[in-house]
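Enquirer: Provided herewith is a single structure, encoded as structure tokens, for subsequent inquiry.
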Amino acid sequence: MADIGIETIKALKISREELQKRVAISENEASKRYFTQQGSSIIMSAHFGNWEWAEFELGQAANNQMQVSYLKLNSKYFNAFMKSVRTRFGNHVVDMKYVFKHAILKNDDAITTFYLADLNPKQYYEAISFSFLNQSKPFFTGPEKLALRLGLDVYFAKIVKVRRGYYRIDLMLISNKNVAIGTNNITAQYAKMLENSVVEQPECWAGLFEKQDY
């Protein structure tokens, strides 16, 4: 994970041109749908690979404004640092406690809400547990509730490390806003997609080393 720390610092100075060289978005049916759609949507990702660069590139490539949910840090210095990193290319950051309300208020403006949805939700939000890497793990249900409330497409941003310092984003459609789904289906699909990513590249998931409370 040392590379991620160095790359996060590099994010303060990385140019748009270099970012495009280092992070590619796959052309597939889900990405075509996302980049041509009208209205708001949700992208769920994780603390996997270089999630900061992925957020940058997805925000730059989108036609609408991206708001990134984050959990406020106790340290004012590091909280300010992370906000300055995540807003460098025009994305907005919203405290996770208020992202639901903010998304509802801004829905008419066509925004993308970006969640790092592998946070430990026990102390903060209602959660539901699924089998994940052979153990029961809680996942917070905020993205699903927002999607159902506003009728939004939900995507999974699978981050793939191609080689050191280079990544690929595979967008995958979790939920089509025009198709009715069962309760907890969005959260369950996200958990399965994340699990598959971790199995494929376990060294890229920060959840293996952190308590995920940031």
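To be explicit about the labels: the chains of the structure tokens are called A, B, and onward in the order shown, and within each one the residues are counted from 1, while ligands get numbers from 1 in the order they are shown.
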Identify, on the basis of only C-alpha atoms, every residue whose closest approach to segment 11-25 of chain A does not exceed 6 Å; exclude the query and any residue fewer than 2 positions from it along the same chain; express the result as a short mmCIF file (atom, residue, chain, number, x, y, z; two decimals) with all heavy atoms, in the first residue's frame.

Expert:
```cif
data_model
loop_
_atom_site.label_atom_id
_atom_site.label_comp_id
_atom_site.auth_asym_id
_atom_site.auth_seq_id
_atom_site.Cartn_x
_atom_site.Cartn_y
_atom_site.Cartn_z
N THR A 8 -1.14 9.23 -3.78
CA THR A 8 -2.07 10.21 -3.22
C THR A 8 -1.41 11.56 -3.09
O THR A 8 -2.02 12.61 -3.40
CB THR A 8 -2.58 9.75 -1.84
OG1 THR A 8 -3.27 8.49 -1.99
CG2 THR A 8 -3.55 10.77 -1.24
N ILE A 9 -0.16 11.58 -2.66
CA ILE A 9 0.59 12.84 -2.59
C ILE A 9 0.79 13.40 -4.00
O ILE A 9 0.64 14.61 -4.23
CB ILE A 9 1.95 12.61 -1.89
CG1 ILE A 9 1.71 12.19 -0.43
CG2 ILE A 9 2.80 13.87 -1.97
CD1 ILE A 9 2.97 11.79 0.30
N VAL A 85 -7.33 17.36 -2.03
CA VAL A 85 -6.98 16.36 -3.03
C VAL A 85 -8.20 16.02 -3.90
O VAL A 85 -8.14 16.06 -5.13
CB VAL A 85 -6.44 15.07 -2.37
CG1 VAL A 85 -6.33 13.94 -3.40
CG2 VAL A 85 -5.07 15.34 -1.74
N TYR A 166 -0.41 2.48 -12.96
CA TYR A 166 -1.37 2.53 -14.07
C TYR A 166 -2.60 1.68 -13.73
O TYR A 166 -2.47 0.55 -13.23
CB TYR A 166 -0.74 2.01 -15.36
CG TYR A 166 0.31 2.97 -15.91
CD1 TYR A 166 1.61 2.94 -15.43
CD2 TYR A 166 -0.02 3.90 -16.90
CE1 TYR A 166 2.57 3.83 -15.92
CE2 TYR A 166 0.92 4.78 -17.40
CZ TYR A 166 2.22 4.75 -16.89
OH TYR A 166 3.15 5.62 -17.37
N TYR A 167 -3.78 2.24 -14.03
CA TYR A 167 -5.03 1.60 -13.64
C TYR A 167 -6.05 1.65 -14.76
O TYR A 167 -5.97 2.48 -15.66
CB TYR A 167 -5.62 2.29 -12.40
CG TYR A 167 -4.70 2.24 -11.20
CD1 TYR A 167 -3.73 3.23 -11.00
CD2 TYR A 167 -4.78 1.19 -10.29
CE1 TYR A 167 -2.87 3.17 -9.92
CE2 TYR A 167 -3.92 1.13 -9.20
CZ TYR A 167 -2.97 2.12 -9.02
OH TYR A 167 -2.11 2.06 -7.96
N ARG A 168 -7.04 0.75 -14.64
CA ARG A 168 -8.16 0.72 -15.57
C ARG A 168 -9.46 0.69 -14.76
O ARG A 168 -9.53 0.02 -13.73
CB ARG A 168 -8.08 -0.52 -16.45
CG ARG A 168 -9.13 -0.55 -17.56
CD ARG A 168 -9.08 -1.83 -18.36
NE ARG A 168 -9.67 -2.97 -17.65
CZ ARG A 168 -8.99 -4.06 -17.32
NH1 ARG A 168 -7.69 -4.18 -17.61
NH2 ARG A 168 -9.59 -5.04 -16.67
N ILE A 169 -10.45 1.44 -15.22
CA ILE A 169 -11.75 1.43 -14.57
C ILE A 169 -12.74 0.71 -15.47
O ILE A 169 -12.97 1.11 -16.61
CB ILE A 169 -12.26 2.86 -14.30
CG1 ILE A 169 -11.26 3.63 -13.43
CG2 ILE A 169 -13.62 2.82 -13.62
CD1 ILE A 169 -11.58 5.10 -13.32
#
```

Enquirer: Excluding same-chain residues fewer than 6 positions from Lys72 of chain A, what lies within 12 Å of it counting only C-alpha atoms, as a VMD selection string?

Expert: chain A and resid 78 to 83 93 to 98 124 213 to 214

Enquirer: For those residues, write N, CA, C and O atoms to a file as a CSV table (one decimal), in the first residue's frame.

Expert:
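Once everything was written out, this is part_7.csv:
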```csv
chain,number,residue,atom,x,y,z
A,78,PHE,N,-5.6,16.6,8.3
A,78,PHE,CA,-5.8,15.6,7.3
A,78,PHE,C,-7.1,15.7,6.6
A,78,PHE,O,-7.3,15.3,5.4
A,79,ASN,N,-8.1,16.2,7.3
A,79,ASN,CA,-9.4,16.4,6.7
A,79,ASN,C,-9.3,17.4,5.6
A,79,ASN,O,-9.9,17.2,4.5
A,80,ALA,N,-8.7,18.5,5.9
A,80,ALA,CA,-8.5,19.6,4.9
A,80,ALA,C,-7.6,19.1,3.7
A,80,ALA,O,-7.9,19.4,2.5
A,81,PHE,N,-6.6,18.3,4.0
A,81,PHE,CA,-5.7,17.7,3.0
A,81,PHE,C,-6.5,16.8,2.0
A,81,PHE,O,-6.4,17.0,0.8
A,82,MET,N,-7.3,15.9,2.5
A,82,MET,CA,-8.1,15.0,1.7
A,82,MET,C,-9.1,15.8,0.9
A,82,MET,O,-9.4,15.5,-0.3
A,83,LYS,N,-9.7,16.8,1.4
A,83,LYS,CA,-10.7,17.6,0.7
A,83,LYS,C,-10.0,18.3,-0.5
A,83,LYS,O,-10.5,18.4,-1.6
A,93,VAL,N,-17.0,17.6,-2.6
A,93,VAL,CA,-17.0,16.6,-1.5
A,93,VAL,C,-18.2,16.9,-0.6
A,93,VAL,O,-18.4,18.1,-0.3
A,94,VAL,N,-18.8,15.9,-0.1
A,94,VAL,CA,-20.0,16.0,0.8
A,94,VAL,C,-19.8,15.1,1.9
A,94,VAL,O,-19.6,13.9,1.7
A,95,ASP,N,-19.9,15.6,3.2
A,95,ASP,CA,-19.9,14.7,4.3
A,95,ASP,C,-20.9,13.6,4.2
A,95,ASP,O,-22.1,13.9,3.8
A,96,MET,N,-20.5,12.4,4.5
A,96,MET,CA,-21.4,11.2,4.3
A,96,MET,C,-22.8,11.4,5.1
A,96,MET,O,-23.8,10.9,4.7
A,97,LYS,N,-22.7,12.1,6.2
A,97,LYS,CA,-23.9,12.3,7.0
A,97,LYS,C,-25.0,13.2,6.2
A,97,LYS,O,-26.1,13.1,6.5
A,98,TYR,N,-24.5,14.0,5.2
A,98,TYR,CA,-25.4,14.9,4.6
A,98,TYR,C,-25.6,14.5,3.1
A,98,TYR,O,-26.3,15.3,2.4
A,124,TYR,N,-22.1,4.2,12.2
A,124,TYR,CA,-22.6,5.4,11.5
A,124,TYR,C,-24.0,5.2,10.8
A,124,TYR,O,-24.8,6.1,10.8
A,213,ASP,N,-12.2,3.1,8.4
A,213,ASP,CA,-12.9,4.1,9.1
A,213,ASP,C,-12.5,5.5,8.7
A,213,ASP,O,-12.6,6.5,9.4
A,214,TYR,N,-12.1,5.7,7.4
A,214,TYR,CA,-11.7,7.0,6.9
A,214,TYR,C,-12.4,7.4,5.7
A,214,TYR,O,-13.1,6.6,5.1
```

Enquirer: Name the residues in contact with segment 100-114 of chain A at a cut-off of 10 Å, using only C-alpha atoms, excluding same-chain residues fewer than 5 positions from it; report them as a JSON list (two decimals) with all heavy atoms, in the first residue's frame.

Expert:
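See selection_18.json below for the written result:
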```json
[["chain", "number", "residue", "atom", "x", "y", "z"],
["A", 34, "TYR", "N", -23.55, 5.16, -19.16],
["A", 34, "TYR", "CA", -23.27, 6.20, -18.17],
["A", 34, "TYR", "C", -22.94, 7.54, -18.84],
["A", 34, "TYR", "O", -23.45, 8.59, -18.45],
["A", 34, "TYR", "CB", -22.11, 5.78, -17.27],
["A", 34, "TYR", "CG", -21.66, 6.88, -16.34],
["A", 34, "TYR", "CD1", -22.48, 7.33, -15.30],
["A", 34, "TYR", "CD2", -20.41, 7.49, -16.51],
["A", 34, "TYR", "CE1", -22.08, 8.35, -14.46],
["A", 34, "TYR", "CE2", -20.01, 8.52, -15.67],
["A", 34, "TYR", "CZ", -20.84, 8.94, -14.65],
["A", 34, "TYR", "OH", -20.45, 9.96, -13.82],
["A", 37, "GLN", "N", -26.15, 9.09, -20.74],
["A", 37, "GLN", "CA", -27.43, 9.23, -20.06],
["A", 37, "GLN", "C", -27.71, 10.68, -19.65],
["A", 37, "GLN", "O", -26.79, 11.49, -19.52],
["A", 37, "GLN", "CB", -27.47, 8.34, -18.82],
["A", 37, "GLN", "CG", -26.56, 8.81, -17.70],
["A", 37, "GLN", "CD", -26.62, 7.90, -16.49],
["A", 37, "GLN", "OE1", -27.33, 6.91, -16.48],
["A", 37, "GLN", "NE2", -25.86, 8.23, -15.47],
["A", 38, "GLN", "N", -28.95, 10.96, -19.44],
["A", 38, "GLN", "CA", -29.37, 12.24, -18.90],
["A", 38, "GLN", "C", -29.80, 12.03, -17.44],
["A", 38, "GLN", "O", -30.35, 11.01, -17.09],
["A", 38, "GLN", "CB", -30.56, 12.79, -19.70],
["A", 38, "GLN", "CG", -30.27, 12.99, -21.18],
["A", 38, "GLN", "CD", -29.22, 14.05, -21.44],
["A", 38, "GLN", "OE1", -29.22, 15.10, -20.78],
["A", 38, "GLN", "NE2", -28.34, 13.78, -22.38],
["A", 39, "GLY", "N", -29.53, 13.01, -16.60],
["A", 39, "GLY", "CA", -29.95, 12.91, -15.20],
["A", 39, "GLY", "C", -28.87, 12.38, -14.29],
["A", 39, "GLY", "O", -27.73, 12.15, -14.69],
["A", 40, "SER", "N", -29.25, 12.20, -13.04],
["A", 40, "SER", "CA", -28.31, 11.81, -11.99],
["A", 40, "SER", "C", -28.09, 10.30, -11.95],
["A", 40, "SER", "O", -28.88, 9.52, -12.50],
["A", 40, "SER", "CB", -28.82, 12.29, -10.63],
["A", 40, "SER", "OG", -28.93, 13.71, -10.60],
["A", 41, "SER", "N", -27.03, 9.89, -11.27],
["A", 41, "SER", "CA", -26.73, 8.47, -11.11],
["A", 41, "SER", "C", -25.83, 8.29, -9.89],
["A", 41, "SER", "O", -25.41, 9.26, -9.25],
["A", 41, "SER", "CB", -26.04, 7.91, -12.36],
["A", 41, "SER", "OG", -24.83, 8.59, -12.60],
["A", 42, "ILE", "N", -25.54, 7.04, -9.58],
["A", 42, "ILE", "CA", -24.69, 6.69, -8.45],
["A", 42, "ILE", "C", -23.58, 5.77, -8.93],
["A", 42, "ILE", "O", -23.82, 4.86, -9.72],
["A", 42, "ILE", "CB", -25.50, 5.98, -7.35],
["A", 42, "ILE", "CG1", -26.51, 6.95, -6.72],
["A", 42, "ILE", "CG2", -24.58, 5.40, -6.27],
["A", 42, "ILE", "CD1", -27.46, 6.29, -5.74],
["A", 43, "ILE", "N", -22.37, 6.03, -8.46],
["A", 43, "ILE", "CA", -21.25, 5.11, -8.69],
["A", 43, "ILE", "C", -20.75, 4.62, -7.34],
["A", 43, "ILE", "O", -20.44, 5.42, -6.46],
["A", 43, "ILE", "CB", -20.10, 5.79, -9.46],
["A", 43, "ILE", "CG1", -20.53, 6.13, -10.88],
["A", 43, "ILE", "CG2", -18.87, 4.86, -9.50],
["A", 43, "ILE", "CD1", -19.45, 6.83, -11.69],
["A", 44, "MET", "N", -20.70, 3.31, -7.19],
["A", 44, "MET", "CA", -20.16, 2.70, -5.97],
["A", 44, "MET", "C", -18.80, 2.10, -6.29],
["A", 44, "MET", "O", -18.64, 1.38, -7.27],
["A", 44, "MET", "CB", -21.11, 1.62, -5.46],
["A", 44, "MET", "CG", -22.50, 2.14, -5.13],
["A", 44, "MET", "SD", -23.67, 0.82, -4.68],
["A", 44, "MET", "CE", -23.04, 0.32, -3.07],
["A", 45, "SER", "N", -17.82, 2.44, -5.47],
["A", 45, "SER", "CA", -16.50, 1.88, -5.64],
["A", 45, "SER", "C", -15.97, 1.48, -4.27],
["A", 45, "SER", "O", -16.75, 1.24, -3.35],
["A", 45, "SER", "CB", -15.58, 2.87, -6.36],
["A", 45, "SER", "OG", -14.40, 2.22, -6.82],
["A", 46, "ALA", "N", -14.64, 1.41, -4.12],
["A", 46, "ALA", "CA", -14.06, 0.94, -2.87],
["A", 46, "ALA", "C", -12.66, 1.49, -2.70],
["A", 46, "ALA", "O", -12.08, 2.09, -3.61],
["A", 46, "ALA", "CB", -14.05, -0.58, -2.84],
["A", 55, "GLU", "N", -11.56, 8.43, -9.00],
["A", 55, "GLU", "CA", -12.57, 9.47, -8.79],
["A", 55, "GLU", "C", -12.28, 10.69, -9.66],
["A", 55, "GLU", "O", -13.19, 11.28, -10.25],
["A", 55, "GLU", "CB", -12.59, 9.86, -7.31],
["A", 55, "GLU", "CG", -13.37, 11.11, -6.96],
["A", 55, "GLU", "CD", -12.51, 12.14, -6.26],
["A", 55, "GLU", "OE1", -11.81, 11.78, -5.30],
["A", 55, "GLU", "OE2", -12.54, 13.31, -6.69],
["A", 58, "LEU", "N", -13.12, 9.71, -13.46],
["A", 58, "LEU", "CA", -14.55, 9.58, -13.69],
["A", 58, "LEU", "C", -15.25, 10.93, -13.65],
["A", 58, "LEU", "O", -16.15, 11.21, -14.44],
["A", 58, "LEU", "CB", -15.17, 8.66, -12.63],
["A", 58, "LEU", "CG", -14.91, 7.17, -12.82],
["A", 58, "LEU", "CD1", -15.28, 6.39, -11.57],
["A", 58, "LEU", "CD2", -15.67, 6.63, -14.02],
["A", 59, "GLY", "N", -14.81, 11.81, -12.76],
["A", 59, "GLY", "CA", -15.38, 13.14, -12.68],
["A", 59, "GLY", "C", -15.06, 13.98, -13.90],
["A", 59, "GLY", "O", -15.90, 14.72, -14.42],
["A", 62, "ALA", "N", -17.10, 12.67, -17.05],
["A", 62, "ALA", "CA", -18.57, 12.73, -17.01],
["A", 62, "ALA", "C", -19.09, 14.05, -17.56],
["A", 62, "ALA", "O", -18.38, 15.06, -17.57],
["A", 62, "ALA", "CB", -19.04, 12.53, -15.58],
["A", 63, "ASN", "N", -20.35, 14.01, -17.98],
["A", 63, "ASN", "CA", -20.99, 15.22, -18.47],
["A", 63, "ASN", "C", -21.65, 16.02, -17.35],
["A", 63, "ASN", "O", -22.07, 17.16, -17.56],
["A", 63, "ASN", "CB", -22.07, 14.85, -19.50],
["A", 63, "ASN", "CG", -21.47, 14.23, -20.75],
["A", 63, "ASN", "OD1", -20.43, 14.66, -21.22],
["A", 63, "ASN", "ND2", -22.12, 13.20, -21.27],
["A", 64, "ASN", "N", -21.77, 15.42, -16.18],
["A", 64, "ASN", "CA", -22.42, 16.12, -15.08],
["A", 64, "ASN", "C", -21.48, 16.26, -13.89],
["A", 64, "ASN", "O", -20.37, 15.73, -13.88],
["A", 64, "ASN", "CB", -23.71, 15.39, -14.66],
["A", 64, "ASN", "CG", -23.48, 13.91, -14.40],
["A", 64, "ASN", "OD1", -22.36, 13.46, -14.27],
["A", 64, "ASN", "ND2", -24.57, 13.16, -14.33],
["A", 65, "GLN", "N", -21.91, 17.00, -12.89],
["A", 65, "GLN", "CA", -21.12, 17.25, -11.70],
["A", 65, "GLN", "C", -21.03, 15.99, -10.84],
["A", 65, "GLN", "O", -22.00, 15.25, -10.70],
["A", 65, "GLN", "CB", -21.75, 18.38, -10.88],
["A", 65, "GLN", "CG", -21.05, 18.69, -9.57],
["A", 65, "GLN", "CD", -19.66, 19.25, -9.78],
["A", 65, "GLN", "OE1", -19.48, 20.23, -10.50],
["A", 65, "GLN", "NE2", -18.66, 18.62, -9.17],
["A", 66, "MET", "N", -19.85, 15.75, -10.28],
["A", 66, "MET", "CA", -19.68, 14.61, -9.39],
["A", 66, "MET", "C", -19.54, 15.08, -7.96],
["A", 66, "MET", "O", -18.73, 15.97, -7.66],
["A", 66, "MET", "CB", -18.47, 13.76, -9.78],
["A", 66, "MET", "CG", -18.21, 12.59, -8.82],
["A", 66, "MET", "SD", -16.88, 11.50, -9.35],
["A", 66, "MET", "CE", -17.72, 10.58, -10.66],
["A", 67, "GLN", "N", -20.33, 14.49, -7.06],
["A", 67, "GLN", "CA", -20.15, 14.74, -5.64],
["A", 67, "GLN", "C", -19.62, 13.46, -5.00],
["A", 67, "GLN", "O", -20.15, 12.38, -5.23],
["A", 67, "GLN", "CB", -21.45, 15.19, -4.98],
["A", 67, "GLN", "CG", -22.55, 14.17, -4.90],
["A", 67, "GLN", "CD", -23.68, 14.58, -3.95],
["A", 67, "GLN", "OE1", -23.73, 15.73, -3.51],
["A", 67, "GLN", "NE2", -24.57, 13.67, -3.65],
["A", 68, "VAL", "N", -18.56, 13.61, -4.24],
["A", 68, "VAL", "CA", -17.89, 12.47, -3.62],
["A", 68, "VAL", "C", -18.23, 12.45, -2.14],
["A", 68, "VAL", "O", -17.96, 13.43, -1.42],
["A", 68, "VAL", "CB", -16.36, 12.56, -3.81],
["A", 68, "VAL", "CG1", -15.68, 11.36, -3.18],
["A", 68, "VAL", "CG2", -16.02, 12.65, -5.30],
["A", 69, "SER", "N", -18.83, 11.38, -1.68],
["A", 69, "SER", "CA", -19.15, 11.28, -0.25],
["A", 69, "SER", "C", -17.87, 10.92, 0.51],
["A", 69, "SER", "O", -17.03, 10.16, 0.03],
["A", 69, "SER", "CB", -20.22, 10.22, -0.01],
["A", 69, "SER", "OG", -19.73, 8.93, -0.28],
["A", 70, "TYR", "N", -17.72, 11.49, 1.70],
["A", 70, "TYR", "CA", -16.55, 11.16, 2.51],
["A", 70, "TYR", "C", -16.92, 11.20, 3.98],
["A", 70, "TYR", "O", -17.89, 11.85, 4.39],
["A", 70, "TYR", "CB", -15.40, 12.14, 2.22],
["A", 70, "TYR", "CG", -15.50, 13.47, 2.96],
["A", 70, "TYR", "CD1", -14.69, 13.73, 4.07],
["A", 70, "TYR", "CD2", -16.40, 14.45, 2.55],
["A", 70, "TYR", "CE1", -14.78, 14.95, 4.74],
["A", 70, "TYR", "CE2", -16.49, 15.65, 3.22],
["A", 70, "TYR", "CZ", -15.68, 15.90, 4.31],
["A", 70, "TYR", "OH", -15.78, 17.09, 4.98],
["A", 91, "ASN", "N", -14.41, 18.14, -8.73],
["A", 91, "ASN", "CA", -15.41, 17.36, -8.01],
["A", 91, "ASN", "C", -15.74, 18.03, -6.68],
["A", 91, "ASN", "O", -14.91, 18.74, -6.10],
["A", 91, "ASN", "CB", -14.90, 15.94, -7.73],
["A", 91, "ASN", "CG", -14.78, 15.12, -8.99],
["A", 91, "ASN", "OD1", -15.35, 15.46, -10.03],
["A", 91, "ASN", "ND2", -14.03, 14.04, -8.93],
["A", 92, "HIS", "N", -16.94, 17.82, -6.19],
["A", 92, "HIS", "CA", -17.35, 18.33, -4.89],
["A", 92, "HIS", "C", -17.26, 17.20, -3.86],
["A", 92, "HIS", "O", -17.42, 16.03, -4.20],
["A", 92, "HIS", "CB", -18.78, 18.85, -4.94],
["A", 92, "HIS", "CG", -18.95, 20.06, -5.80],
["A", 92, "HIS", "ND1", -20.20, 20.59, -6.12],
["A", 92, "HIS", "CD2", -18.04, 20.85, -6.43],
["A", 92, "HIS", "CE1", -20.03, 21.65, -6.89],
["A", 92, "HIS", "NE2", -18.75, 21.82, -7.10],
["A", 93, "VAL", "N", -17.01, 17.55, -2.62],
["A", 93, "VAL", "CA", -17.03, 16.56, -1.55],
["A", 93, "VAL", "C", -18.16, 16.90, -0.59],
["A", 93, "VAL", "O", -18.40, 18.07, -0.29],
["A", 93, "VAL", "CB", -15.68, 16.48, -0.80],
["A", 93, "VAL", "CG1", -14.60, 15.93, -1.70],
["A", 93, "VAL", "CG2", -15.28, 17.83, -0.23],
["A", 94, "VAL", "N", -18.84, 15.87, -0.11],
["A", 94, "VAL", "CA", -19.97, 16.05, 0.79],
["A", 94, "VAL", "C", -19.82, 15.07, 1.95],
["A", 94, "VAL", "O", -19.59, 13.87, 1.71],
["A", 94, "VAL", "CB", -21.32, 15.81, 0.08],
["A", 94, "VAL", "CG1", -22.48, 16.02, 1.05],
["A", 94, "VAL", "CG2", -21.45, 16.73, -1.13],
["A", 95, "ASP", "N", -19.93, 15.56, 3.15],
["A", 95, "ASP", "CA", -19.88, 14.71, 4.34],
["A", 95, "ASP", "C", -20.93, 13.62, 4.20],
["A", 95, "ASP", "O", -22.09, 13.87, 3.84],
["A", 95, "ASP", "CB", -20.16, 15.56, 5.58],
["A", 95, "ASP", "CG", -19.91, 14.81, 6.88],
["A", 95, "ASP", "OD1", -20.26, 13.62, 6.96],
["A", 95, "ASP", "OD2", -19.38, 15.43, 7.83],
["A", 142, "GLY", "N", -26.97, 3.14, 2.37],
["A", 142, "GLY", "CA", -27.26, 4.49, 1.88],
["A", 142, "GLY", "C", -27.37, 4.61, 0.37],
["A", 142, "GLY", "O", -28.34, 5.20, -0.13],
["A", 143, "PRO", "N", -26.42, 4.06, -0.40],
["A", 143, "PRO", "CA", -26.51, 4.17, -1.86],
["A", 143, "PRO", "C", -27.79, 3.55, -2.42],
["A", 143, "PRO", "O", -28.43, 4.12, -3.31],
["A", 143, "PRO", "CB", -25.27, 3.43, -2.36],
["A", 143, "PRO", "CG", -24.29, 3.54, -1.23],
["A", 143, "PRO", "CD", -25.12, 3.47, 0.01],
["A", 145, "LYS", "N", -30.69, 3.09, -0.84],
["A", 145, "LYS", "CA", -31.85, 3.89, -0.45],
["A", 145, "LYS", "C", -31.97, 5.14, -1.32],
["A", 145, "LYS", "O", -33.07, 5.54, -1.71],
["A", 145, "LYS", "CB", -31.73, 4.28, 1.02],
["A", 145, "LYS", "CG", -31.94, 3.11, 1.97],
["A", 145, "LYS", "CD", -31.80, 3.53, 3.43],
["A", 145, "LYS", "CE", -32.05, 2.36, 4.36],
["A", 145, "LYS", "NZ", -31.88, 2.74, 5.78],
["A", 146, "LEU", "N", -30.82, 5.76, -1.63],
["A", 146, "LEU", "CA", -30.83, 6.94, -2.48],
["A", 146, "LEU", "C", -31.28, 6.59, -3.89],
["A", 146, "LEU", "O", -32.09, 7.31, -4.50],
["A", 146, "LEU", "CB", -29.44, 7.58, -2.51],
["A", 146, "LEU", "CG", -29.30, 8.86, -3.34],
["A", 146, "LEU", "CD1", -30.22, 9.95, -2.80],
["A", 146, "LEU", "CD2", -27.85, 9.34, -3.33],
["A", 147, "ALA", "N", -30.78, 5.48, -4.41],
["A", 147, "ALA", "CA", -31.14, 5.05, -5.77],
["A", 147, "ALA", "C", -32.63, 4.78, -5.89],
["A", 147, "ALA", "O", -33.28, 5.18, -6.86],
["A", 147, "ALA", "CB", -30.35, 3.80, -6.15],
["A", 149, "ARG", "N", -35.00, 5.93, -3.88],
["A", 149, "ARG", "CA", -35.77, 7.15, -3.60],
["A", 149, "ARG", "C", -35.88, 8.03, -4.84],
["A", 149, "ARG", "O", -36.95, 8.57, -5.15],
["A", 149, "ARG", "CB", -35.08, 7.93, -2.47],
["A", 149, "ARG", "CG", -35.62, 9.32, -2.20],
["A", 149, "ARG", "CD", -37.00, 9.31, -1.56],
["A", 149, "ARG", "NE", -37.45, 10.65, -1.26],
["A", 149, "ARG", "CZ", -37.20, 11.32, -0.14],
["A", 149, "ARG", "NH1", -36.48, 10.74, 0.83],
["A", 149, "ARG", "NH2", -37.65, 12.53, 0.05],
["A", 150, "LEU", "N", -34.78, 8.15, -5.60],
["A", 150, "LEU", "CA", -34.75, 9.07, -6.73],
["A", 150, "LEU", "C", -34.88, 8.36, -8.08],
["A", 150, "LEU", "O", -35.02, 9.03, -9.10],
["A", 150, "LEU", "CB", -33.45, 9.88, -6.71],
["A", 150, "LEU", "CG", -33.24, 10.78, -5.49],
["A", 150, "LEU", "CD1", -31.93, 11.54, -5.61],
["A", 150, "LEU", "CD2", -34.40, 11.77, -5.33],
["A", 152, "LEU", "N", -32.53, 6.06, -9.69],
["A", 152, "LEU", "CA", -31.25, 6.30, -10.35],
["A", 152, "LEU", "C", -30.58, 5.00, -10.79],
["A", 152, "LEU", "O", -30.73, 3.96, -10.14],
["A", 152, "LEU", "CB", -30.29, 7.03, -9.39],
["A", 152, "LEU", "CG", -30.78, 8.32, -8.75],
["A", 152, "LEU", "CD1", -29.71, 8.88, -7.83],
["A", 152, "LEU", "CD2", -31.16, 9.34, -9.81],
["A", 153, "ASP", "N", -29.84, 5.07, -11.89],
["A", 153, "ASP", "CA", -28.94, 3.99, -12.26],
["A", 153, "ASP", "C", -27.84, 3.90, -11.21],
["A", 153, "ASP", "O", -27.39, 4.92, -10.68],
["A", 153, "ASP", "CB", -28.29, 4.25, -13.61],
["A", 153, "ASP", "CG", -29.20, 3.95, -14.79],
["A", 153, "ASP", "OD1", -30.24, 3.29, -14.59],
["A", 153, "ASP", "OD2", -28.86, 4.38, -15.91],
["A", 154, "VAL", "N", -27.38, 2.68, -10.94],
["A", 154, "VAL", "CA", -26.26, 2.47, -10.02],
["A", 154, "VAL", "C", -25.19, 1.66, -10.73],
["A", 154, "VAL", "O", -25.47, 0.62, -11.34],
["A", 154, "VAL", "CB", -26.71, 1.73, -8.75],
["A", 154, "VAL", "CG1", -25.54, 1.60, -7.77],
["A", 154, "VAL", "CG2", -27.87, 2.45, -8.07],
["A", 155, "TYR", "N", -23.96, 2.15, -10.65],
["A", 155, "TYR", "CA", -22.82, 1.51, -11.29],
["A", 155, "TYR", "C", -21.78, 1.10, -10.25],
["A", 155, "TYR", "O", -21.64, 1.72, -9.21],
["A", 155, "TYR", "CB", -22.14, 2.46, -12.29],
["A", 155, "TYR", "CG", -23.02, 2.91, -13.42],
["A", 155, "TYR", "CD1", -23.87, 4.00, -13.28],
["A", 155, "TYR", "CD2", -22.99, 2.26, -14.65],
["A", 155, "TYR", "CE1", -24.68, 4.43, -14.32],
["A", 155, "TYR", "CE2", -23.81, 2.67, -15.70],
["A", 155, "TYR", "CZ", -24.64, 3.76, -15.52],
["A", 155, "TYR", "OH", -25.44, 4.19, -16.55],
["A", 156, "PHE", "N", -21.03, 0.06, -10.58],
["A", 156, "PHE", "CA", -19.86, -0.31, -9.81],
["A", 156, "PHE", "C", -18.63, 0.07, -10.61],
["A", 156, "PHE", "O", -18.51, -0.30, -11.79],
["A", 156, "PHE", "CB", -19.84, -1.82, -9.53],
["A", 156, "PHE", "CG", -18.59, -2.29, -8.81],
["A", 156, "PHE", "CD1", -18.27, -1.81, -7.56],
["A", 156, "PHE", "CD2", -17.75, -3.22, -9.40],
["A", 156, "PHE", "CE1", -17.14, -2.24, -6.89],
["A", 156, "PHE", "CE2", -16.61, -3.68, -8.75],
["A", 156, "PHE", "CZ", -16.29, -3.18, -7.48],
["A", 157, "ALA", "N", -17.74, 0.83, -10.00],
["A", 157, "ALA", "CA", -16.47, 1.18, -10.66],
["A", 157, "ALA", "C", -15.41, 0.19, -10.20],
["A", 157, "ALA", "O", -14.87, 0.30, -9.09],
["A", 157, "ALA", "CB", -16.07, 2.60, -10.31]]
```

Enquirer: Let me make sure I understand: among A:Leu148, A:Leu119, A:Ile4, A:Ala127, which one has the smallest atom-to-atom distance to Arg164 of chain A if we use only C-alpha atoms?

Expert: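 Among the listed residues, A:Ile4 lies closest to Arg164 of chain A.
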
Enquirer: What does the distance between atom CA of Phe48 of chain A and atom CA of Lys192 of chain A come to in Å, to one decimal place?

Expert: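 According to the coordinates, atom CA of Phe48 of chain A and atom CA of Lys192 of chain A are separated by 14.6 Å.
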
Enquirer: Give me every strand (DSSP E or B) residue in segment 55-170 of chain A, going by DSSP on the backbone, as a PyMOL selection string.

Expert: chain A and resi 65-70+92-95+111-116+127-132+135-140+153-163+166-170

Enquirer: Could you work out how far atom CA of Gly49 of chain A lies from atom CA of Ser75 of chain A, giving the answer in Å with one decimal?

Expert: 24.0 Å

Enquirer: Atom CA of Asp118 of chain A and atom CA of Ser131 of chain A, how far apart in Å?

Expert: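 Separation between atom CA of Ser131 of chain A and atom CA of Asp118 of chain A: 13.7 Å.
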